[in-house]
Amino acid sequence: MPHDRSPARPKAGPVLTYKKAGVDIEAGDDLVERIKPLAAATRIAEVVSDVGGFAGLCAVPKDVDDPVLVSGTDGVGTKLKVAFLTGVHDSIGFDLVGMNVNDVVTCGARPLFFLDYFATGKLDPSVAERVVGSVAKACKESGCALLGGETAELPGMYADGEYELVGFAVGVVARKKIVDGTRVKEGDVALGLASSGLHSNGYSLARKALFDTMHLSIHDRPPELGGQSVGEALLAPTRLYARHVQAVLAAGVDVRAMSHITGGGLPANMPRVLPVGLALRLERRWLHAPIFDLVRSAGVEEIEMRATFNMGVGYVFVVPPGDADRASEALQAMGESAIALGRVVRVPVDVRFEERVQWPE
């Protein structure tokens with residue numbers, strides 16, 4: 001008689017449900033209802049759908065000639081670990097929007113809409129609402145709509161109290177107004193916008209330096225931080241630059257290149273928008289948040305600092321010398337003081353990528 005290889009059936013007992021398996025559909029529905037008014041507050045004229053459908057709908061603006069869509073996606077990296085440690089979830093959405101929208105606007109685009117992806121092992125609607133609420137605030141500040149997103153409850157995938165956060169941004173620009181760096185010339189001027197701190201890059205190094213090497217806690221207030229706690233300094237939200245870009249472009253400035261200074265700092269990001277044979281010579285030093293000096297004091301060498309962090313500059317415009325004052329005035333009208341970083345210089349075409357940013361002595 002052949003062996004019966006069918007799996008053994010469990011004895012009669014409690015009914016197994018999706019909720020008992022770790023997925024709470026009611027909590028997810030509750031979160032959707034909480035998110036709807038947050039998203040509604042970011043609505044722009046081009047949005048033609050509400051949160052809750054299978055897809056978000058957004059029209060292309062009618063006043064853009066020969067429109068080109070611009071897209072970007074990114075997360076916030078291990079800065080999330082600091083949010084988990086502190087229990088502060090009210091600003092991480094600014095980081096998410098900043099990492100995406102600040103990239104999209106470097107092409108001269110106007111940001112249109114944003115989507116978020118929030119995944120966690122066990123959904124806490126109150127935490128998720130705070131996270132998405134900060135995403136919505138950042139979208140509103142950047143002038144784009146929170147068009148939709150996805151919340152995933154994935155039991156066993158994440159440690160208790162932890163989550164993953166990813167964003168997706170789409171903007172639009174007229175084809176003839178695309179800013180791509182191809183028109184940059186020797187002698188052009190670089191103007192920088194200050195960062196608020198580390199933004200969302202280099203946190204694996206920062207955490208290693210501060211927590212493992214210096215044995216600081218998130219609650220410590222070292223004198224270098226001027227009264228801030230370590231947690232507060234590390235969680236300083238990424239600055240949003242979309243409005244600044246729109247103001248400079250609206251002023252008629254001939255913007256030839258723009259760079260969002262993220263992972264890899266100035267050496268990794270400025271060469272991406274400079275033609276081969278050109279480099280940026282930095283001609284001055286500038287003020288920066290004290291968190292950089294605290295990380296450096298753990299034994300991080302200057303070359304490593306520059307190759308990892310934004311070092312106090314979050315965004316850069318490259319303009320002709322004759323347009324520098326007009327750009328600075330447009331930014332000043334927004335309460336922003338542009339940093340005169342330096343000038344574009346000629347270098348051999350075979351110079352190493354990271355050496356196309358020359359630091360002052």
# chains A, B, ... in the order shown; residues from 1 in each chain; ligands from 1
>>> select_by_dssp(residues="range 88-253 of chain A", states="helix (DSSP H, G or I)", output="VMD selection string")
chain A and resid 92 to 107 125 to 142 175 to 177 203 to 213 223 to 225 230 to 234 242 to 250
>>> residues_around(residues="Ser142 in chain A", least_positions_apart="6", cutoff="8 Å", atoms="only C-alpha atoms", output="list of chain:residue names")
A:Val101, A:Pro111, A:Leu240, A:Tyr241, A:Ala242, A:Arg243
>>> residues_around(residues="range 117-130 of chain A", least_positions_apart="5", cutoff="6 Å", atoms="only C-alpha atoms", output="list in words")
Leu31, His89, Asp90, Gly149, Glu150, Thr151, Ala152, Glu153, Leu154, Pro155, Gly156, Met157, Tyr158, Tyr163, Glu164, Leu165 and Val166 of chain A
>>> write_last_selection(atoms="N, CA, C and O atoms", output="compact mmCIF listing (two decimals), in the first residue's frame")
# COMPACT_ATOMS: atom_id res chain seq x y z
N LEU A 31 -5.71 54.10 8.98
CA LEU A 31 -4.64 54.99 8.53
C LEU A 31 -5.05 55.72 7.26
O LEU A 31 -4.79 56.92 7.11
N HIS A 89 8.97 61.08 15.08
CA HIS A 89 8.60 60.71 13.71
C HIS A 89 7.94 61.87 12.96
O HIS A 89 7.33 61.67 11.92
N ASP A 90 8.08 63.08 13.51
CA ASP A 90 7.35 64.22 12.97
C ASP A 90 8.14 65.03 11.95
O ASP A 90 7.64 66.05 11.46
N GLY A 149 0.08 56.75 -2.18
CA GLY A 149 1.18 56.01 -1.59
C GLY A 149 0.76 54.59 -1.28
O GLY A 149 -0.30 54.12 -1.71
N GLU A 150 1.59 53.93 -0.52
CA GLU A 150 1.33 52.53 -0.17
C GLU A 150 1.78 52.29 1.27
O GLU A 150 2.87 52.71 1.68
N THR A 151 0.92 51.65 2.03
CA THR A 151 1.27 51.22 3.38
C THR A 151 1.28 49.70 3.40
O THR A 151 0.30 49.07 3.04
N ALA A 152 2.42 49.12 3.79
CA ALA A 152 2.55 47.66 3.79
C ALA A 152 2.85 47.18 5.20
O ALA A 152 3.81 47.65 5.84
N GLU A 153 2.03 46.26 5.70
CA GLU A 153 2.29 45.63 6.99
C GLU A 153 2.87 44.25 6.69
O GLU A 153 2.20 43.38 6.13
N LEU A 154 4.14 44.06 7.05
CA LEU A 154 4.89 42.87 6.67
C LEU A 154 5.44 42.18 7.92
O LEU A 154 6.58 42.43 8.32
N PRO A 155 4.66 41.33 8.57
CA PRO A 155 5.10 40.66 9.80
C PRO A 155 6.39 39.88 9.58
O PRO A 155 6.55 39.17 8.58
N GLY A 156 7.33 40.07 10.49
CA GLY A 156 8.58 39.33 10.42
C GLY A 156 9.66 39.97 9.59
O GLY A 156 10.80 39.53 9.60
N MET A 157 9.31 41.05 8.88
CA MET A 157 10.29 41.69 8.01
C MET A 157 11.10 42.77 8.72
O MET A 157 12.23 43.07 8.33
N TYR A 158 10.52 43.38 9.73
CA TYR A 158 11.17 44.50 10.41
C TYR A 158 11.12 44.28 11.92
O TYR A 158 10.20 43.66 12.44
N TYR A 163 10.44 50.79 10.67
CA TYR A 163 9.73 50.84 9.39
C TYR A 163 10.70 51.28 8.29
O TYR A 163 11.80 51.78 8.57
N GLU A 164 10.30 51.08 7.06
CA GLU A 164 11.05 51.56 5.90
C GLU A 164 10.24 52.65 5.24
O GLU A 164 9.00 52.64 5.27
N LEU A 165 10.93 53.61 4.65
CA LEU A 165 10.27 54.76 4.06
C LEU A 165 10.95 55.11 2.74
O LEU A 165 12.16 55.35 2.71
N VAL A 166 10.17 55.12 1.67
CA VAL A 166 10.70 55.42 0.34
C VAL A 166 9.76 56.41 -0.34
O VAL A 166 8.55 56.40 -0.09
>>> residues_around(residues="Gly312 in chain A", least_positions_apart="2", cutoff="8 Å", atoms="only C-alpha atoms", output="VMD selection string")
chain A and resid 194 to 198 286 to 289 310 314
>>> closest_residue(among="A:Pro37, A:Gly75, A:Gly108, A:Gly299", to="Lys208 in chain A", atoms="only C-alpha atoms")
A:Gly299
>>> atom_distance(atom1="CA of Ser71 in chain A", atom2="CA of Glu141 in chain A")
18.6 Å
>>> residues_around(residues="range 356-360 of chain A", least_positions_apart="6", cutoff="6 Å", atoms="only C-alpha atoms", output="VMD selection string")
chain A and resid 267 279 to 283
>>> write_last_selection(atoms="C-alpha atoms", output="compact mmCIF listing (two decimals), in the first residue's frame")
# COMPACT_ATOMS: atom_id res chain seq x y z
CA PRO A 267 33.14 66.05 -4.74
CA ALA A 279 35.91 71.81 -12.29
CA LEU A 280 34.65 73.91 -9.39
CA ARG A 281 37.33 75.80 -7.49
CA LEU A 282 36.02 76.67 -4.04
CA GLU A 283 37.35 80.07 -3.04
>>> select_by_dssp(residues="range 25-109 of chain A", states="strand (DSSP E)", output="PyMOL selection string")
chain A and resi 67-75
>>> residues_around(residues="Glu186 in chain A", least_positions_apart="6", cutoff="12 Å", atoms="only C-alpha atoms", output="PyMOL selection string")
chain A and resi 256+274-281+318-321+342-347
